[in-house]
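Just below is one structure, and these are the notes that go with it.
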Amino acid sequence: MKKFTCVDDIGPWRDAVKEALEIKADRFAYGQLGRNRTLMMIFFNSSLRTRLSTQKAAMNLGMNVIVLDVNQGAWKLETERGVVMDGDKAEHLLEAIPVMGCYCDLIGVRSFAGLTDRDADYEERVIEQFIRYSGRPVFSMEAATRHPLQSFADLITIEEYKSKPRPKVVLTWAPHPKALPQAVPNSFCEWMNVTDYDFVITHPHGYELAPEFVGQAKVEYDQRKAFEGADFIYAKNWSAYSGDNYGKILSTDRSWTVDAEKMALTDNAYFMHCLPVRRGMIVTDDVIESPRSIVIPEAANREISAQTVIKRMLESL
């Protein structure tokens with residue numbers, strides 16, 4: 001596997017989950033695979049789970065790890081072509097990328113959407129330049145439009161906890177005080193759509209996601225109706241995608257917060273969220289602290305999804 005940015009790169013999803021669960025059962029079984037190999041993790045944005053889980057996954061495989069925080073531990077990098085570099089950015093990505101490639105065997109990149117130019121965000125200009133110019137296998141640690149390591153971990157978690165062959169999985173929008181990208185919901189939709197789950201998306205009008213990510217999912221604007229009979233509730237905020245509203249907050253309606261009353265409409269559903277989560281906005285304390293909240297096992301599986309991807313990339317070298 002030379003790149004990992006979306007669900008298509010992982011191959012048959014059942015095989016990927018099977019491999020991930022085998023790794024989880026013995027995560028040090030391939031401890032020699034990465035010996036004398038180096039992973040470079042490049043962060044244009046902050047991280048907790050992604051940084052820790054991916055570094056741990058690489059270490060499980062015997063790799064050396066270099067972590068670079070762009071704009072903190074390095075020159076500020078220009079990412080756009082055709083600009084006059086007379087500002088505070090001292091180096092262009094086009095020179096920095098091949099240099100980085102000289103020092104490692106694999107590259108992980110984390111770069112969020114800017115939420116001002118939809119075309120630029122959805123062209124994935126930053127990670128695509130790494131894929132094109134680094135000369136190394138590249139995987140996404142979250143990009144402008146997708147977060148595949150998170151979605152892979154979500155899928156692993158659902159497979160572990162489901163009690164029926166075809167569970168009902170609901171992705172629900174919830175309010176947030178800041179404008180957030182569509183990367184996590186886009187990616188979650190993409191991964192759920194390759195399964196045979198009963199997949200439903202619920203959000204207020206104006207928060208429609210890009211059609212290519214919605215796919216064949218059912219969209220339900222009545223949150224309570226969407227929750228009925230659900231086996232898994234995945235809560236996440238995102239800003240508007242469409243037209244002139246791209247990147248904007250259209251609503252902070254607290255009636256969309258996931259609470260015990262809404263969870264009672266489900267079939268004793270598990271609650272999921274990628275974290276970090278705004279309590280009282282996204283979800284109430286009693287829901288996220290309940291025995292049916294699996295946000296911590298979900299986060300733990302980030303190590304497993306990362307290790308599965310890195311293992312496959314090492315095997316392709």
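Following the order of the structure tokens, first chain is A, next is B, and so on, with residues numbered from 1 inside each chain and ligands from 1 in the order they appear.
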
_Need to verify the contact set: region 13-19 of chain A, 10 Å, only C-alpha atoms, exclusion of same-chain residues closer than 5 positions in sequence. Can you return it as a list in words?_
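Once the nearby chain positions are removed, what remains is Val7, Asp8, Lys24, Ala25, Phe152, Ala153, Leu155, Ile156, Thr157, Glu159, Glu160, Trp191, Val194, Thr195, Ile304, Ser305, Thr308 and Val309 of chain A.
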
*asked:* Env of Lys164 (chain A): 12 Å cut, atoms = only C-alpha atoms, seq-sep filter 5 positions within chain, self excluded. Answer as number ranges by chain.
replied: A: 158-159, 169, 196-198, 230-232, 267

*Excluding same-chain residues fewer than 2 positions from region 44-61 of chain A, what lies within 9 Å of it counting only C-alpha atoms, as an NGL selection string?*
:A and (27-35 or 38-39 or 41-42 or 63-71 or 108-112 or 141-142 or 149-150 or 275-276 or 299-308 or 310-311)

*asked:* One number please: CA of Thr257 (chain A) to CA of Ala226 (chain A), in Å, one decimal.
replied: 13.8 Å

_Show me, as a ChimeraX atom specification, the residues that have an atom within 8 Å of Arg224 (chain A) when counting only C-alpha atoms, minus same-chain residues fewer than 2 positions from it._
/A:222,226-228,262,265

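Among A:Glu220, A:Asp154, A:Glu91, A:Glu315, the residue with the shortest atom-to-atom distance to Val295 (chain A), counting only C-alpha atoms, is A:Asp154.
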
*List the neighbours of Gly247 (chain A) out to 6 Å using only C-alpha atoms; skip same-chain residues closer than 2 positions along the sequence, and give me the result as a list in words.*
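In the requested form, the answer reads Leu115, Ser239 and Ala240 of chain A.
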
*Please indicate the distance in Å from CA of Trp75 (chain A) to CA of Arg125 (chain A), rounded to one decimal place.*
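Interatomic distance, CA of Trp75 (chain A) to CA of Arg125 (chain A): 19.1 Å.
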
_Ranking A:Glu124, A:Glu298, A:Asp253, A:Glu261 by minimum distance to Met281 (chain A) and counting only C-alpha atoms, which one comes first?_
A:Asp253

*asked:* Would you pick out the contacts of His147 (chain A) at 8 Å or less, using only C-alpha atoms, so that residues sharing its chain but fewer than 5 positions from it are not included, and give the list as a VMD selection string?
replied: chain A and resid 5 to 6 140 to 142 183 to 184 187

For the selection you just gave me, I'd like the residues written to a file as a PDB file, in the first residue's frame, keeping N, CA, C and O atoms.
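The new file selection-v7.pdb reads:
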```pdb
ATOM      1  N   THR A   5      -5.483   7.421   2.063  1.00  0.00           N
ATOM      2  CA  THR A   5      -6.219   8.669   2.274  1.00  0.00           C
ATOM      3  C   THR A   5      -7.719   8.448   2.342  1.00  0.00           C
ATOM      4  O   THR A   5      -8.451   9.345   2.773  1.00  0.00           O
ATOM      5  N   CYS A   6      -8.201   7.267   1.920  1.00  0.00           N
ATOM      6  CA  CYS A   6      -9.645   7.026   1.887  1.00  0.00           C
ATOM      7  C   CYS A   6      -9.917   5.537   1.985  1.00  0.00           C
ATOM      8  O   CYS A   6      -8.992   4.708   1.949  1.00  0.00           O
ATOM      9  N   SER A 140      -2.736   9.586   5.532  1.00  0.00           N
ATOM     10  CA  SER A 140      -3.404  10.737   6.114  1.00  0.00           C
ATOM     11  C   SER A 140      -3.636  10.538   7.605  1.00  0.00           C
ATOM     12  O   SER A 140      -4.207   9.523   8.018  1.00  0.00           O
ATOM     13  N   MET A 141      -3.232  11.519   8.385  1.00  0.00           N
ATOM     14  CA  MET A 141      -3.542  11.553   9.818  1.00  0.00           C
ATOM     15  C   MET A 141      -4.657  12.578  10.072  1.00  0.00           C
ATOM     16  O   MET A 141      -4.815  13.063  11.187  1.00  0.00           O
ATOM     17  N   GLU A 142      -5.389  12.884   9.107  1.00  0.00           N
ATOM     18  CA  GLU A 142      -6.534  13.766   8.908  1.00  0.00           C
ATOM     19  C   GLU A 142      -6.140  14.830   7.893  1.00  0.00           C
ATOM     20  O   GLU A 142      -5.100  15.487   8.026  1.00  0.00           O
ATOM     21  N   ALA A 183     -14.395  16.802   7.643  1.00  0.00           N
ATOM     22  CA  ALA A 183     -13.531  15.644   7.425  1.00  0.00           C
ATOM     23  C   ALA A 183     -14.013  14.388   8.143  1.00  0.00           C
ATOM     24  O   ALA A 183     -14.114  13.317   7.532  1.00  0.00           O
ATOM     25  N   VAL A 184     -14.324  14.479   9.433  1.00  0.00           N
ATOM     26  CA  VAL A 184     -14.742  13.289  10.178  1.00  0.00           C
ATOM     27  C   VAL A 184     -16.084  12.773   9.682  1.00  0.00           C
ATOM     28  O   VAL A 184     -16.209  11.571   9.393  1.00  0.00           O
ATOM     29  N   SER A 187     -15.683  11.216   6.154  1.00  0.00           N
ATOM     30  CA  SER A 187     -14.968   9.954   6.194  1.00  0.00           C
ATOM     31  C   SER A 187     -15.824   8.852   6.819  1.00  0.00           C
ATOM     32  O   SER A 187     -15.856   7.719   6.320  1.00  0.00           O
TER      33      SER A 187
END
```

*Would you please give, as a PyMOL selection string, all residues of region 65-251 of chain A that DSSP assigns to alpha helix (DSSP H) based on the backbone?*
chain A and resi 93-102+118-122+125-133+148-161+183-193+211-214+223-227

*For Phe188 (chain A), which of A:Phe213, A:Tyr270, A:Phe43, A:Tyr122 is the closest residue, counting only C-alpha atoms?*
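When distances to Phe188 (chain A) are compared using only C-alpha atoms, the smallest one comes from A:Phe213.
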
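Here the question is which of A:Pro181, A:Pro297, A:Gly280, A:Pro211 gets nearest to Ala113 (chain A) using only C-alpha atoms, and that residue is A:Pro181.
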
*strand (DSSP E) call set, DSSP backbone run, region 68-310 of chain A, as an NGL selection string*: :A and (68-69 or 77-78 or 91-92 or 106-110 or 138-140 or 168-173 or 198-202 or 218-220 or 232-236 or 270-272)

*Please indicate the distance in Å from CA of Asp121 (chain A) to CA of Lys236 (chain A), rounded to one decimal place.*
19.4 Å

*asked:* Give me, as a ChimeraX atom specification, all polymer residues having an atom no more than 6 Å from region 271-273 of chain A, counting only C-alpha atoms and skipping those fewer than 5 positions away in the same chain.
replied: /A:233-235,293-295
